[in-house]
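Visitor: This is structure.cif (mmCIF, C-alpha atoms).
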data_data
loop_
_atom_site.label_atom_id
_atom_site.label_comp_id
_atom_site.auth_asym_id
_atom_site.auth_seq_id
_atom_site.Cartn_x
_atom_site.Cartn_y
_atom_site.Cartn_z
CA MET H 1 0.00 0.00 0.00
CA ILE H 2 1.28 3.43 -0.93
CA PRO H 3 -0.22 6.63 0.48
CA ALA H 4 -2.05 9.00 -1.87
CA ALA H 5 0.29 11.59 -3.35
CA PHE H 6 1.24 14.60 -1.26
CA ASP H 7 3.77 17.39 -1.19
CA TYR H 8 6.45 17.51 1.45
CA LYS H 9 8.16 20.27 3.41
CA ARG H 10 10.69 19.99 6.18
CA ALA H 11 10.55 22.30 9.19
CA SER H 12 13.68 23.03 11.21
CA SER H 13 11.90 24.64 14.15
CA ALA H 14 8.48 24.65 15.79
CA ALA H 15 7.96 28.25 14.63
CA GLU H 16 8.71 27.31 11.03
CA ALA H 17 6.37 24.31 11.25
CA ILE H 18 3.53 26.47 12.57
CA SER H 19 4.11 29.07 9.88
CA LEU H 20 4.06 26.36 7.20
CA VAL H 21 0.84 24.82 8.51
CA GLY H 22 -0.69 28.31 8.54
CA GLN H 23 0.26 28.66 4.90
CA TYR H 24 -1.22 25.32 3.78
CA GLY H 25 -4.20 25.19 6.13
CA ASP H 26 -6.44 22.19 6.59
CA ASP H 27 -4.75 20.19 3.83
CA ALA H 28 -1.52 19.99 5.83
CA LYS H 29 -0.52 17.51 8.53
CA PHE H 30 2.52 17.34 10.77
CA LEU H 31 4.70 14.26 10.32
CA ALA H 32 6.74 13.25 13.39
CA GLY H 33 7.78 9.59 13.53
CA GLY H 34 4.94 8.67 11.19
CA HIS H 35 3.88 5.54 13.05
CA SER H 36 0.31 6.68 13.56
CA LEU H 37 -0.09 8.87 10.49
CA LEU H 38 1.49 6.76 7.74
CA PRO H 39 -0.67 3.67 8.44
CA LEU H 40 -3.78 5.91 8.25
CA MET H 41 -2.55 7.42 4.99
CA LYS H 42 -1.94 4.00 3.45
CA LEU H 43 -5.54 3.09 4.24
CA ARG H 44 -6.73 6.46 2.84
CA LEU H 45 -8.22 7.28 6.23
CA ALA H 46 -6.06 10.39 6.02
CA GLN H 47 -5.21 12.10 2.73
CA PRO H 48 -3.27 15.28 3.49
CA ALA H 49 -2.10 17.23 0.45
CA MET H 50 0.94 18.47 2.35
CA LEU H 51 3.10 16.78 4.96
CA ILE H 52 5.20 19.04 7.15
CA ASP H 53 8.05 16.94 8.50
CA ILE H 54 8.81 18.03 12.06
CA GLY H 55 10.80 14.87 12.78
CA ARG H 56 14.13 16.63 12.40
CA ILE H 57 13.50 19.39 14.94
CA LYS H 58 16.30 18.37 17.28
CA ASP H 59 15.49 20.74 20.15
CA LEU H 60 12.11 19.06 20.74
CA SER H 61 13.67 15.76 21.75
CA TYR H 62 14.66 15.88 25.42
CA ILE H 63 13.80 14.70 28.91
CA LYS H 64 14.36 17.24 31.69
CA ASP H 65 13.72 17.54 35.40
CA GLY H 66 11.19 20.36 35.81
CA GLY H 67 11.12 20.33 39.62
CA ASP H 68 7.70 18.90 40.46
CA HIS H 69 7.39 17.32 37.02
CA ILE H 70 9.38 15.71 34.22
CA ALA H 71 9.32 17.69 30.97
CA ILE H 72 9.49 15.61 27.81
CA GLY H 73 9.97 17.13 24.36
CA ALA H 74 7.15 16.15 22.01
CA LEU H 75 9.56 14.56 19.54
CA THR H 76 11.13 12.25 22.11
CA ARG H 77 10.87 8.68 20.86
CA HIS H 78 9.13 5.95 22.85
CA MET H 79 12.42 4.05 23.16
CA ASP H 80 14.08 7.08 24.76
CA VAL H 81 11.21 7.54 27.25
CA GLU H 82 11.25 3.82 28.06
CA LYS H 83 15.00 3.78 28.80
CA SER H 84 15.42 7.20 30.40
CA ALA H 85 16.92 6.89 33.91
CA LEU H 86 15.07 10.07 34.91
CA VAL H 87 11.67 8.78 33.73
CA LEU H 88 12.31 5.36 35.28
CA LYS H 89 13.08 7.03 38.63
CA GLU H 90 10.43 9.78 38.73
CA VAL H 91 7.58 8.48 36.54
CA PRO H 92 8.11 4.71 36.34
CA LEU H 93 4.53 4.11 35.13
CA LEU H 94 5.21 6.20 32.02
CA ALA H 95 8.51 4.43 31.28
CA HIS H 96 6.75 1.08 31.58
CA ALA H 97 3.85 2.13 29.34
CA ALA H 98 6.23 3.58 26.73
CA GLY H 99 7.91 0.17 26.63
CA HIS H 100 4.58 -1.41 25.71
CA VAL H 101 3.86 0.74 22.65
CA GLY H 102 4.00 -1.40 19.51
CA ASP H 103 7.32 -3.22 19.26
CA ALA H 104 11.02 -2.28 19.29
CA GLN H 105 11.00 -1.12 15.65
CA VAL H 106 7.94 1.06 16.26
CA ARG H 107 9.46 2.50 19.45
CA HIS H 108 12.59 3.49 17.54
CA ARG H 109 10.51 5.80 15.32
CA GLY H 110 7.29 6.73 17.13
CA THR H 111 7.25 9.84 19.34
CA ILE H 112 5.34 10.68 22.51
CA GLY H 113 3.95 13.89 21.03
CA GLY H 114 2.86 12.10 17.86
CA SER H 115 1.05 9.43 19.84
CA LEU H 116 -0.77 11.96 22.04
CA ALA H 117 -1.69 14.31 19.17
CA HIS H 118 -3.08 11.34 17.26
CA ALA H 119 -5.48 10.97 20.23
CA ASP H 120 -6.26 7.30 19.73
CA SER H 121 -8.08 5.97 22.78
CA ALA H 122 -6.63 2.53 22.00
CA SER H 123 -3.05 3.80 22.42
CA ASP H 124 -1.24 3.38 25.71
CA LEU H 125 0.21 6.83 26.28
CA PRO H 126 -2.94 9.01 26.13
CA ALA H 127 -4.49 7.04 29.01
CA THR H 128 -1.20 6.78 30.92
CA THR H 129 -0.53 10.54 30.84
CA LEU H 130 -4.20 11.13 31.69
CA ALA H 131 -3.93 8.89 34.77
CA LEU H 132 -0.78 10.76 35.81
CA GLY H 133 -2.46 14.18 35.47
CA ALA H 134 -0.07 15.41 32.78
CA THR H 135 -0.18 18.82 31.13
CA TYR H 136 0.55 19.23 27.43
CA VAL H 137 2.19 22.32 25.95
CA ALA H 138 0.82 23.42 22.59
CA GLN H 139 2.49 26.07 20.46
CA GLY H 140 0.56 28.12 17.93
CA PRO H 141 1.00 31.34 15.98
CA LYS H 142 0.18 33.38 19.09
CA GLY H 143 2.48 31.51 21.43
CA GLU H 144 2.15 28.68 23.92
CA ARG H 145 -0.81 27.43 25.90
CA LEU H 146 -1.13 24.66 28.45
CA ILE H 147 -3.77 21.96 28.06
CA ALA H 148 -4.52 19.52 30.88
CA ALA H 149 -4.63 15.92 29.64
CA ALA H 150 -8.16 15.77 31.10
CA ASP H 151 -9.24 18.56 28.68
CA PHE H 152 -7.30 17.36 25.64
CA TYR H 153 -9.28 14.40 24.29
CA LYS H 154 -12.47 15.51 22.55
CA GLY H 155 -13.58 12.49 20.52
CA PHE H 156 -12.40 9.67 18.28
CA LEU H 157 -8.94 10.77 16.99
CA GLU H 158 -9.93 14.29 17.96
CA SER H 159 -7.98 16.54 20.30
CA ALA H 160 -8.17 20.09 21.62
CA LEU H 161 -5.28 21.08 19.33
CA LYS H 162 -6.18 23.72 16.76
CA PRO H 163 -5.11 23.01 13.17
CA ASP H 164 -2.25 25.51 13.45
CA GLU H 165 -1.00 24.26 16.83
CA MET H 166 1.57 21.60 17.56
CA LEU H 167 2.45 19.79 20.76
CA THR H 168 5.91 20.79 21.94
CA GLU H 169 6.20 19.41 25.46
CA ILE H 170 4.56 16.95 27.83
CA ARG H 171 4.80 17.70 31.56
CA VAL H 172 4.24 14.69 33.77
CA PRO H 173 4.01 15.17 37.56
CA LYS H 174 6.58 13.20 39.49
CA MET H 175 5.08 10.15 41.17
CA ASN H 176 7.07 10.69 44.40
CA GLY H 177 7.22 6.98 45.08
CA ALA H 178 3.52 6.26 44.46
CA LYS H 179 2.97 2.63 43.54
CA TRP H 180 1.49 1.76 40.19
CA GLY H 181 0.13 -0.94 37.92
CA PHE H 182 -0.21 -1.21 34.16
CA GLU H 183 -2.36 -3.85 32.50
CA LYS H 184 -2.71 -4.42 28.80
CA PHE H 185 -4.91 -7.18 27.45
CA ASN H 186 -4.35 -7.99 23.79
CA ARG H 187 -4.35 -10.88 21.36
CA ARG H 188 -0.84 -10.58 19.92
CA ALA H 189 2.17 -9.20 21.77
CA GLN H 190 2.46 -6.03 19.70
CA ASP H 191 -1.24 -5.27 19.30
CA TRP H 192 -3.21 -2.38 20.65
CA ALA H 193 -4.93 -3.16 23.93
CA ILE H 194 -8.43 -4.61 23.75
CA VAL H 195 -8.62 -2.97 27.17
CA GLY H 196 -5.75 -1.42 29.09
CA VAL H 197 -5.38 0.21 32.49
CA ALA H 198 -2.82 2.64 33.87
CA ALA H 199 -3.12 3.23 37.62
CA TRP H 200 -1.15 4.74 40.50
CA ARG H 201 -1.92 5.15 44.16
CA ASN H 202 -0.46 6.75 47.27
CA LYS H 203 -1.96 7.03 50.75
CA ASP H 204 -4.11 10.06 49.86
CA ALA H 205 -4.99 9.78 46.21
CA SER H 206 -5.02 7.67 43.07
CA GLY H 207 -5.28 7.99 39.31
CA VAL H 208 -6.83 5.35 37.08
CA ALA H 209 -7.29 5.65 33.31
CA LEU H 210 -8.62 3.20 30.76
CA VAL H 211 -7.36 2.37 27.28
CA ASN H 212 -9.86 1.56 24.52
CA MET H 213 -12.98 1.90 26.66
CA GLY H 214 -14.60 4.65 24.60
CA SER H 215 -13.85 7.17 21.88
CA THR H 216 -11.37 8.91 24.18
CA PRO H 217 -9.10 7.65 26.96
CA ILE H 218 -11.24 7.48 30.10
CA LEU H 219 -10.37 8.75 33.57
CA ALA H 220 -12.04 6.33 35.98
CA THR H 221 -12.93 8.96 38.58
CA SER H 222 -15.52 6.75 40.33
CA VAL H 223 -12.81 4.22 41.14
CA SER H 224 -10.57 6.91 42.66
CA ALA H 225 -13.51 8.40 44.61
CA ALA H 226 -14.39 4.97 46.03
CA LEU H 227 -10.79 4.33 47.10
CA LYS H 228 -10.66 7.75 48.76
CA SER H 229 -13.79 6.99 50.75
CA GLY H 230 -12.22 3.76 51.99
CA ALA H 231 -13.56 1.12 49.60
CA SER H 232 -11.50 -2.02 49.05
CA VAL H 233 -9.66 -2.46 45.76
CA ALA H 234 -12.09 -5.20 44.76
CA ASP H 235 -15.12 -3.00 45.44
CA ALA H 236 -13.61 0.07 43.77
CA ALA H 237 -12.71 -1.98 40.67
CA GLU H 238 -16.40 -2.86 40.22
CA LEU H 239 -16.90 0.82 39.26
CA ALA H 240 -14.24 0.61 36.52
CA SER H 241 -16.51 1.35 33.59
CA ALA H 242 -18.77 3.95 35.27
CA GLU H 243 -17.38 6.72 33.03
CA ALA H 244 -16.76 4.51 29.98
CA GLU H 245 -18.76 3.89 26.82
CA PRO H 246 -16.98 0.98 25.20
CA GLN H 247 -17.66 0.00 21.61
CA SER H 248 -18.02 -3.50 20.22
CA ASP H 249 -15.61 -4.52 17.50
CA LEU H 250 -14.17 -7.72 16.05
CA ASN H 251 -11.91 -8.18 19.09
CA ALA H 252 -14.49 -7.81 21.82
CA SER H 253 -18.08 -6.93 22.56
CA SER H 254 -18.91 -3.94 24.68
CA GLU H 255 -20.04 -6.24 27.52
CA TYR H 256 -16.76 -8.15 27.43
CA ARG H 257 -14.81 -4.89 27.59
CA VAL H 258 -16.78 -3.85 30.68
CA HIS H 259 -15.88 -7.17 32.29
CA LEU H 260 -12.24 -6.84 31.28
CA ALA H 261 -12.03 -3.32 32.66
CA LYS H 262 -13.16 -4.49 36.11
CA VAL H 263 -10.67 -7.34 36.17
CA LEU H 264 -7.78 -5.25 34.85
CA VAL H 265 -8.47 -2.29 37.15
CA ARG H 266 -8.47 -4.68 40.09
CA ARG H 267 -5.16 -6.22 38.98
CA ALA H 268 -3.56 -2.83 38.36
CA LEU H 269 -4.73 -1.51 41.74
CA GLU H 270 -3.56 -4.64 43.54
CA LYS H 271 -0.07 -3.93 42.17
CA ALA H 272 -0.43 -0.26 43.10
CA SER H 273 -1.51 -1.18 46.63
CA ALA H 274 1.04 -3.92 47.33
CA MET Q 1 3.50 16.75 -6.63
CA VAL Q 2 7.14 17.68 -6.56
CA ASP Q 3 9.83 15.01 -6.45
CA ILE Q 4 12.48 15.31 -3.77
CA THR Q 5 16.13 14.39 -4.18
CA VAL Q 6 17.29 12.15 -1.36
CA SER Q 7 20.78 11.02 -0.50
CA ILE Q 8 20.86 7.83 1.54
CA THR Q 9 23.89 5.66 2.26
CA VAL Q 10 22.75 2.10 1.68
CA ASN Q 11 25.08 -0.75 2.62
CA GLY Q 12 28.03 1.62 2.50
CA THR Q 13 27.24 3.18 -0.88
CA SER Q 14 25.84 6.69 -1.17
CA GLN Q 15 22.69 6.70 -3.31
CA GLU Q 16 21.24 9.92 -4.66
CA LYS Q 17 17.81 9.56 -6.26
CA ASP Q 18 14.71 11.55 -7.01
CA VAL Q 19 11.66 10.15 -5.21
CA GLU Q 20 8.02 11.00 -4.90
CA PRO Q 21 7.44 12.15 -1.29
CA ARG Q 22 5.08 9.20 -0.79
CA THR Q 23 7.77 6.64 -1.66
CA LEU Q 24 8.19 4.23 1.24
CA LEU Q 25 11.73 3.28 2.20
CA VAL Q 26 11.01 -0.37 1.38
CA HIS Q 27 9.98 0.56 -2.18
CA PHE Q 28 13.02 2.80 -2.54
CA LEU Q 29 15.22 -0.16 -1.61
CA ARG Q 30 13.41 -2.78 -3.67
CA ASP Q 31 12.32 -0.83 -6.76
CA GLN Q 32 14.88 1.93 -7.13
CA LEU Q 33 17.96 0.11 -5.84
CA GLN Q 34 16.85 -3.44 -6.75
CA LEU Q 35 17.70 -4.61 -3.23
CA THR Q 36 14.92 -7.20 -3.07
CA GLY Q 37 16.24 -9.06 -0.01
CA THR Q 38 14.00 -6.89 2.16
CA ASN Q 39 10.54 -8.40 1.93
CA ILE Q 40 7.13 -6.77 2.15
CA GLY Q 41 4.80 -8.83 4.32
CA CYS Q 42 1.78 -7.25 5.95
CA ASP Q 43 2.53 -3.69 4.83
CA THR Q 44 0.89 -2.43 8.04
CA SER Q 45 3.93 -2.32 10.39
CA SER Q 46 2.85 -5.52 12.10
CA CYS Q 47 4.92 -8.38 10.68
CA GLY Q 48 8.48 -7.04 10.59
CA ALA Q 49 9.46 -8.72 7.29
CA CYS Q 50 10.62 -5.34 5.99
CA THR Q 51 12.91 -4.60 8.95
CA VAL Q 52 16.15 -2.80 8.03
CA HIS Q 53 18.53 -0.67 10.06
CA LEU Q 54 18.21 3.11 9.80
CA ASN Q 55 21.09 4.93 11.47
CA GLY Q 56 21.95 1.72 13.30
CA GLU Q 57 18.47 0.91 14.63
CA ALA Q 58 15.91 -1.64 13.48
CA VAL Q 59 12.92 0.00 11.79
CA LYS Q 60 10.02 -1.20 9.66
CA SER Q 61 10.79 0.16 6.20
CA CYS Q 62 7.12 -0.07 5.14
CA THR Q 63 6.34 2.69 7.66
CA VAL Q 64 9.22 5.07 6.94
CA LEU Q 65 9.20 7.43 3.97
CA ALA Q 66 12.35 7.58 1.87
CA VAL Q 67 12.38 11.34 2.49
CA GLN Q 68 12.52 10.66 6.24
CA ALA Q 69 15.66 8.56 5.70
CA ASP Q 70 17.30 11.34 3.64
CA GLY Q 71 20.85 11.93 4.87
CA GLY Q 72 20.76 8.70 6.85
CA THR Q 73 22.48 5.33 6.73
CA VAL Q 74 20.56 2.18 5.88
CA THR Q 75 21.71 -1.42 6.20
CA THR Q 76 19.74 -4.20 4.56
CA ILE Q 77 20.20 -7.97 4.62
CA GLU Q 78 22.41 -7.61 1.51
CA GLY Q 79 24.83 -5.45 3.46
CA LEU Q 80 25.62 -7.95 6.21
CA SER Q 81 28.13 -10.37 4.69
CA LYS Q 82 31.73 -9.26 4.34
CA ASP Q 83 33.91 -10.73 1.57
CA GLY Q 84 31.55 -13.66 1.11
CA VAL Q 85 31.52 -14.48 4.82
CA MET Q 86 28.10 -14.39 6.46
CA HIS Q 87 27.35 -12.19 9.46
CA PRO Q 88 27.46 -14.19 12.72
CA MET Q 89 23.67 -13.82 12.99
CA GLN Q 90 23.13 -15.26 9.50
CA GLN Q 91 25.53 -18.07 10.40
CA ALA Q 92 23.62 -18.75 13.62
CA PHE Q 93 20.26 -18.89 11.78
CA MET Q 94 21.77 -21.41 9.34
CA GLU Q 95 23.38 -23.58 12.02
CA ASN Q 96 20.26 -23.63 14.23
CA HIS Q 97 17.72 -24.04 11.45
CA GLY Q 98 16.18 -20.69 12.40
CA LEU Q 99 14.01 -20.61 9.28
CA GLN Q 100 11.72 -22.73 7.19
CA CYS Q 101 10.11 -20.92 4.25
CA GLY Q 102 12.50 -17.99 4.69
CA TYR Q 103 10.06 -15.17 4.08
CA CYS Q 104 10.41 -13.56 7.50
CA THR Q 105 14.14 -14.31 7.68
CA PRO Q 106 15.70 -11.08 6.36
CA GLY Q 107 13.59 -9.02 8.75
CA MET Q 108 14.11 -11.51 11.57
CA VAL Q 109 17.92 -11.35 11.11
CA MET Q 110 17.95 -7.54 10.99
CA ALA Q 111 15.72 -7.27 14.08
CA SER Q 112 17.88 -9.83 15.90
CA ILE Q 113 21.09 -7.91 15.16
CA GLY Q 114 19.37 -4.75 16.38
CA LEU Q 115 18.30 -6.57 19.54
CA LEU Q 116 21.87 -7.71 20.32
CA ASN Q 117 23.22 -4.22 19.60
CA GLU Q 118 20.98 -2.92 22.39
CA ASN Q 119 21.24 -5.95 24.68
CA PRO Q 120 24.34 -8.05 23.85
CA ASN Q 121 23.60 -10.79 26.34
CA PRO Q 122 19.82 -11.33 26.47
CA THR Q 123 17.90 -14.02 28.30
CA GLU Q 124 15.59 -16.28 26.31
CA GLU Q 125 12.62 -14.22 27.54
CA GLU Q 126 14.29 -10.99 26.44
CA VAL Q 127 14.86 -12.45 22.97
CA ARG Q 128 11.20 -13.46 22.68
CA LEU Q 129 10.04 -10.04 23.87
CA GLY Q 130 12.62 -8.23 21.74
CA LEU Q 131 11.37 -9.97 18.60
CA GLU Q 132 7.68 -9.25 19.28
CA GLY Q 133 7.59 -7.09 16.17
CA ASN Q 134 8.49 -9.95 13.83
CA LEU Q 135 6.06 -12.67 12.86
CA CYS Q 136 7.06 -16.13 11.62
CA ARG Q 137 4.30 -18.47 10.46
CA CYS Q 138 6.46 -21.61 10.11
CA THR Q 139 8.91 -22.19 12.91
CA GLY Q 140 7.00 -21.63 16.12
CA TYR Q 141 9.95 -19.33 16.95
CA HIS Q 142 11.94 -21.91 18.96
CA ASN Q 143 14.82 -22.20 16.53
CA ILE Q 144 14.82 -18.46 15.87
CA VAL Q 145 15.26 -17.80 19.59
CA LYS Q 146 17.94 -20.51 19.69
CA SER Q 147 19.72 -18.83 16.78
CA VAL Q 148 19.76 -15.43 18.46
CA LEU Q 149 21.02 -16.89 21.74
CA ALA Q 150 23.74 -18.76 19.80
CA ALA Q 151 24.74 -15.58 17.95
CA ALA Q 152 25.01 -13.74 21.28
CA LYS Q 153 27.64 -16.25 22.37
CA LYS Q 154 29.71 -15.91 19.15
#
Starting from the coordinates I provided, produce the structure as structure tokens.
Guide:
Amino acid sequence: MIPAAFDYKRASSAAEAISLVGQYGDDAKFLAGGHSLLPLMKLRLAQPAMLIDIGRIKDLSYIKDGGDHIAIGALTRHMDVEKSALVLKEVPLLAHAAGHVGDAQVRHRGTIGGSLAHADSASDLPATTLALGATYVAQGPKGERLIAAADFYKGFLESALKPDEMLTEIRVPKMNGAKWGFEKFNRRAQDWAIVGVAAWRNKDASGVALVNMGSTPILATSVSAALKSGASVADAAELASAEAEPQSDLNASSEYRVHLAKVLVRRALEKASA
Amino acid sequence: MVDITVSITVNGTSQEKDVEPRTLLVHFLRDQLQLTGTNIGCDTSSCGACTVHLNGEAVKSCTVLAVQADGGTVTTIEGLSKDGVMHPMQQAFMENHGLQCGYCTPGMVMASIGLLNENPNPTEEEVRLGLEGNLCRCTGYHNIVKSVLAAAKK
């Protein structure tokens, strides 16, 4: 399969990329690692007339200590997040989830910003950063704005990003030793999750988010509220799908997904409570 | 649509060609350079048959545009042997019967070399996990894993 024809421009900075997308408008798409966009283009689910290659913008690939959070450049590859000593120490749940995206070849090319901007509820990192309460930095023609992960996902493959904005940084609060669990149920090792769960917990609070349980990643707030009011893990996990609206597809029915979510939330929280 | 001139070093030789922006790296290698050792399997970045090394790392060449590889270094299965002597990984696949029909083999060998570059002394479990992006429909993987573990000891 070959994508439909398009023109191609290379941007050497975020400002240049934003200016280019302003010039070409709705027909233009940003290309980072290409591991979400190119498969869509091969299937003609996306047919941009212009690709703006941001993959070479070197100063958007970094992992820094931001004090209370870890700041990750949008063009940082999954493999670099997975292996970063800083991420492993301060946000181990994110390092673990990054290591479960696709397979090694995919993680060599795919970027964290690309995965989040693609806004696929079946991907691991949207739900993981949502559970962790991350903030995304978007840059547009008028400058930067901050978008909470909880406000970012608007619908199926739809985010709060405006057409002339690009993600430049992901800020993930440090976990400060909170325990965590990550569960991913799939058919083949490298597949998307049929249902996935990212969860963390400390003595005061918790964060639980679901993969592939609706058109957006889902924050399971009822589970966290139940834990806060003293419910057991098993009882809280029963509320796993309270905020979810799972679809049926060839992998699983909606009912099966609801069942899976309860089981996987319980398992993830058992690890986070051990 | 405007063609782009790319310059990619493939198996040690610099190649300068005009490509359509939509040209996938695997088609650049197979159709423009006639390097047909790299196979196309699923074409959806699942099966790993098209795995090559880009700047020293294993990638799926069906999901990389040739323009993204511009200025880079690519190694394909054809670039592994030196003076008619097989790469230790190729040798290990031969000695351990790490293939049957052979279709997945070029990608499997390239992914395995990439795996050992990042983890020179893997456990069996790490080999199985490290090759999760490569599908083989014949072997049941046992002899492939054996081959990679044997190559690690070479």
Visitor: At what distance in Å, to one decimal, does atom CA of H:Ile170 lie from atom CA of H:Glu144?
Guide: 12.6 Å
Visitor: Give me, as a ChimeraX atom specification, the residues of chain H touching chain Q, with the criterion being at most 8 Å (counting all atoms listed in the file).
Guide: /H:1-8,34-35,38-39,55,102-106,108-109,189-190
Visitor: Any chance you could work out the residue set of the PyMOL selection byres ((chain Q and resi 78) around 12) here, as an mmCIF file with C-alpha atoms, in the coordinates of the input?
Guide:
data_model
loop_
_atom_site.group_PDB
_atom_site.id
_atom_site.type_symbol
_atom_site.label_atom_id
_atom_site.label_comp_id
_atom_site.auth_asym_id
_atom_site.auth_seq_id
_atom_site.Cartn_x
_atom_site.Cartn_y
_atom_site.Cartn_z
ATOM 1 C CA VAL Q 10 22.750 2.100 1.680
ATOM 2 C CA ASN Q 11 25.080 -0.750 2.620
ATOM 3 C CA GLY Q 12 28.030 1.620 2.500
ATOM 4 C CA LEU Q 29 15.220 -0.160 -1.610
ATOM 5 C CA ARG Q 30 13.410 -2.780 -3.670
ATOM 6 C CA LEU Q 33 17.960 0.110 -5.840
ATOM 7 C CA GLN Q 34 16.850 -3.440 -6.750
ATOM 8 C CA LEU Q 35 17.700 -4.610 -3.230
ATOM 9 C CA THR Q 36 14.920 -7.200 -3.070
ATOM 10 C CA GLY Q 37 16.240 -9.060 -0.010
ATOM 11 C CA THR Q 38 14.000 -6.890 2.160
ATOM 12 C CA ASN Q 39 10.540 -8.400 1.930
ATOM 13 C CA VAL Q 52 16.150 -2.800 8.030
ATOM 14 C CA HIS Q 53 18.530 -0.670 10.060
ATOM 15 C CA VAL Q 74 20.560 2.180 5.880
ATOM 16 C CA THR Q 75 21.710 -1.420 6.200
ATOM 17 C CA THR Q 76 19.740 -4.200 4.560
ATOM 18 C CA ILE Q 77 20.200 -7.970 4.620
ATOM 19 C CA GLY Q 79 24.830 -5.450 3.460
ATOM 20 C CA LEU Q 80 25.620 -7.950 6.210
ATOM 21 C CA SER Q 81 28.130 -10.370 4.690
ATOM 22 C CA LYS Q 82 31.730 -9.260 4.340
ATOM 23 C CA ASP Q 83 33.910 -10.730 1.570
ATOM 24 C CA GLY Q 84 31.550 -13.660 1.110
ATOM 25 C CA VAL Q 85 31.520 -14.480 4.820
ATOM 26 C CA MET Q 86 28.100 -14.390 6.460
ATOM 27 C CA HIS Q 87 27.350 -12.190 9.460
ATOM 28 C CA GLN Q 90 23.130 -15.260 9.500
ATOM 29 C CA PRO Q 106 15.700 -11.080 6.360
ATOM 30 C CA GLY Q 107 13.590 -9.020 8.750
ATOM 31 C CA VAL Q 109 17.920 -11.350 11.110
ATOM 32 C CA MET Q 110 17.950 -7.540 10.990
#
Visitor: I need the output of the PyMOL selection byres ((chain H and resi 206) around 9) for this file as a list in words; which residues are they?
Guide: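 Here the PyMOL selection byres ((chain H and resi 206) around 9) matches Ala131, Leu132, Ala178, Ala199, Trp200, Arg201, Asn202, Lys203, Asp204, Ala205, Gly207, Val208, Val223, Ser224, Ala225, Leu227 and Lys228 of chain H.
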Visitor: Translate the PyMOL selection byres ((chain H and resi 65) around 10) into a concrete residue list for this structure, as number ranges by chain.
Guide: H: 63-64, 66-72, 86-87, 90, 171, 174
Visitor: Using only C-alpha atoms, which of H:Ser61, H:Ser254, H:Ser123, H:Ser84 sits nearest H:Thr216?
Guide: H:Ser123
Visitor: Can you fill out stretch 67-80 of chain H with N, CA and C atoms and hand it back as a PDB file, keeping the file's coordinate frame?
Guide:
ATOM      1  N   GLY H  67      11.446  20.058  38.221  1.00  0.00           N
ATOM      2  CA  GLY H  67      11.120  20.330  39.620  1.00  0.00           C
ATOM      3  C   GLY H  67      10.042  19.375  40.125  1.00  0.00           C
ATOM      4  N   ASP H  68       8.777  19.805  40.027  1.00  0.00           N
ATOM      5  CA  ASP H  68       7.700  18.900  40.460  1.00  0.00           C
ATOM      6  C   ASP H  68       7.240  17.966  39.337  1.00  0.00           C
ATOM      7  N   HIS H  69       7.789  18.171  38.144  1.00  0.00           N
ATOM      8  CA  HIS H  69       7.390  17.320  37.020  1.00  0.00           C
ATOM      9  C   HIS H  69       8.596  16.970  36.145  1.00  0.00           C
ATOM     10  N   ILE H  70       8.381  16.019  35.242  1.00  0.00           N
ATOM     11  CA  ILE H  70       9.380  15.710  34.220  1.00  0.00           C
ATOM     12  C   ILE H  70       8.854  16.296  32.915  1.00  0.00           C
ATOM     13  N   ALA H  71       9.709  17.054  32.239  1.00  0.00           N
ATOM     14  CA  ALA H  71       9.320  17.690  30.970  1.00  0.00           C
ATOM     15  C   ALA H  71       9.921  16.885  29.821  1.00  0.00           C
ATOM     16  N   ILE H  72       9.051  16.462  28.917  1.00  0.00           N
ATOM     17  CA  ILE H  72       9.490  15.610  27.810  1.00  0.00           C
ATOM     18  C   ILE H  72       9.167  16.316  26.501  1.00  0.00           C
ATOM     19  N   GLY H  73      10.171  16.520  25.675  1.00  0.00           N
ATOM     20  CA  GLY H  73       9.970  17.130  24.360  1.00  0.00           C
ATOM     21  C   GLY H  73       9.056  16.260  23.515  1.00  0.00           C
ATOM     22  N   ALA H  74       8.177  16.900  22.750  1.00  0.00           N
ATOM     23  CA  ALA H  74       7.150  16.150  22.010  1.00  0.00           C
ATOM     24  C   ALA H  74       7.753  15.156  21.024  1.00  0.00           C
ATOM     25  N   LEU H  75       8.968  15.442  20.537  1.00  0.00           N
ATOM     26  CA  LEU H  75       9.560  14.560  19.540  1.00  0.00           C
ATOM     27  C   LEU H  75      10.466  13.487  20.146  1.00  0.00           C
ATOM     28  N   THR H  76      10.374  13.311  21.454  1.00  0.00           N
ATOM     29  CA  THR H  76      11.130  12.250  22.110  1.00  0.00           C
ATOM     30  C   THR H  76      10.524  10.900  21.737  1.00  0.00           C
ATOM     31  N   ARG H  77      11.369   9.973  21.332  1.00  0.00           N
ATOM     32  CA  ARG H  77      10.870   8.680  20.860  1.00  0.00           C
ATOM     33  C   ARG H  77      10.499   7.778  22.043  1.00  0.00           C
ATOM     34  N   HIS H  78       9.569   6.870  21.792  1.00  0.00           N
ATOM     35  CA  HIS H  78       9.130   5.950  22.850  1.00  0.00           C
ATOM     36  C   HIS H  78      10.316   5.235  23.489  1.00  0.00           C
ATOM     37  N   MET H  79      11.266   4.802  22.650  1.00  0.00           N
ATOM     38  CA  MET H  79      12.420   4.050  23.160  1.00  0.00           C
ATOM     39  C   MET H  79      13.224   4.902  24.146  1.00  0.00           C
ATOM     40  N   ASP H  80      13.301   6.206  23.879  1.00  0.00           N
ATOM     41  CA  ASP H  80      14.080   7.080  24.760  1.00  0.00           C
ATOM     42  C   ASP H  80      13.333   7.357  26.066  1.00  0.00           C
TER      43      ASP H  80
END
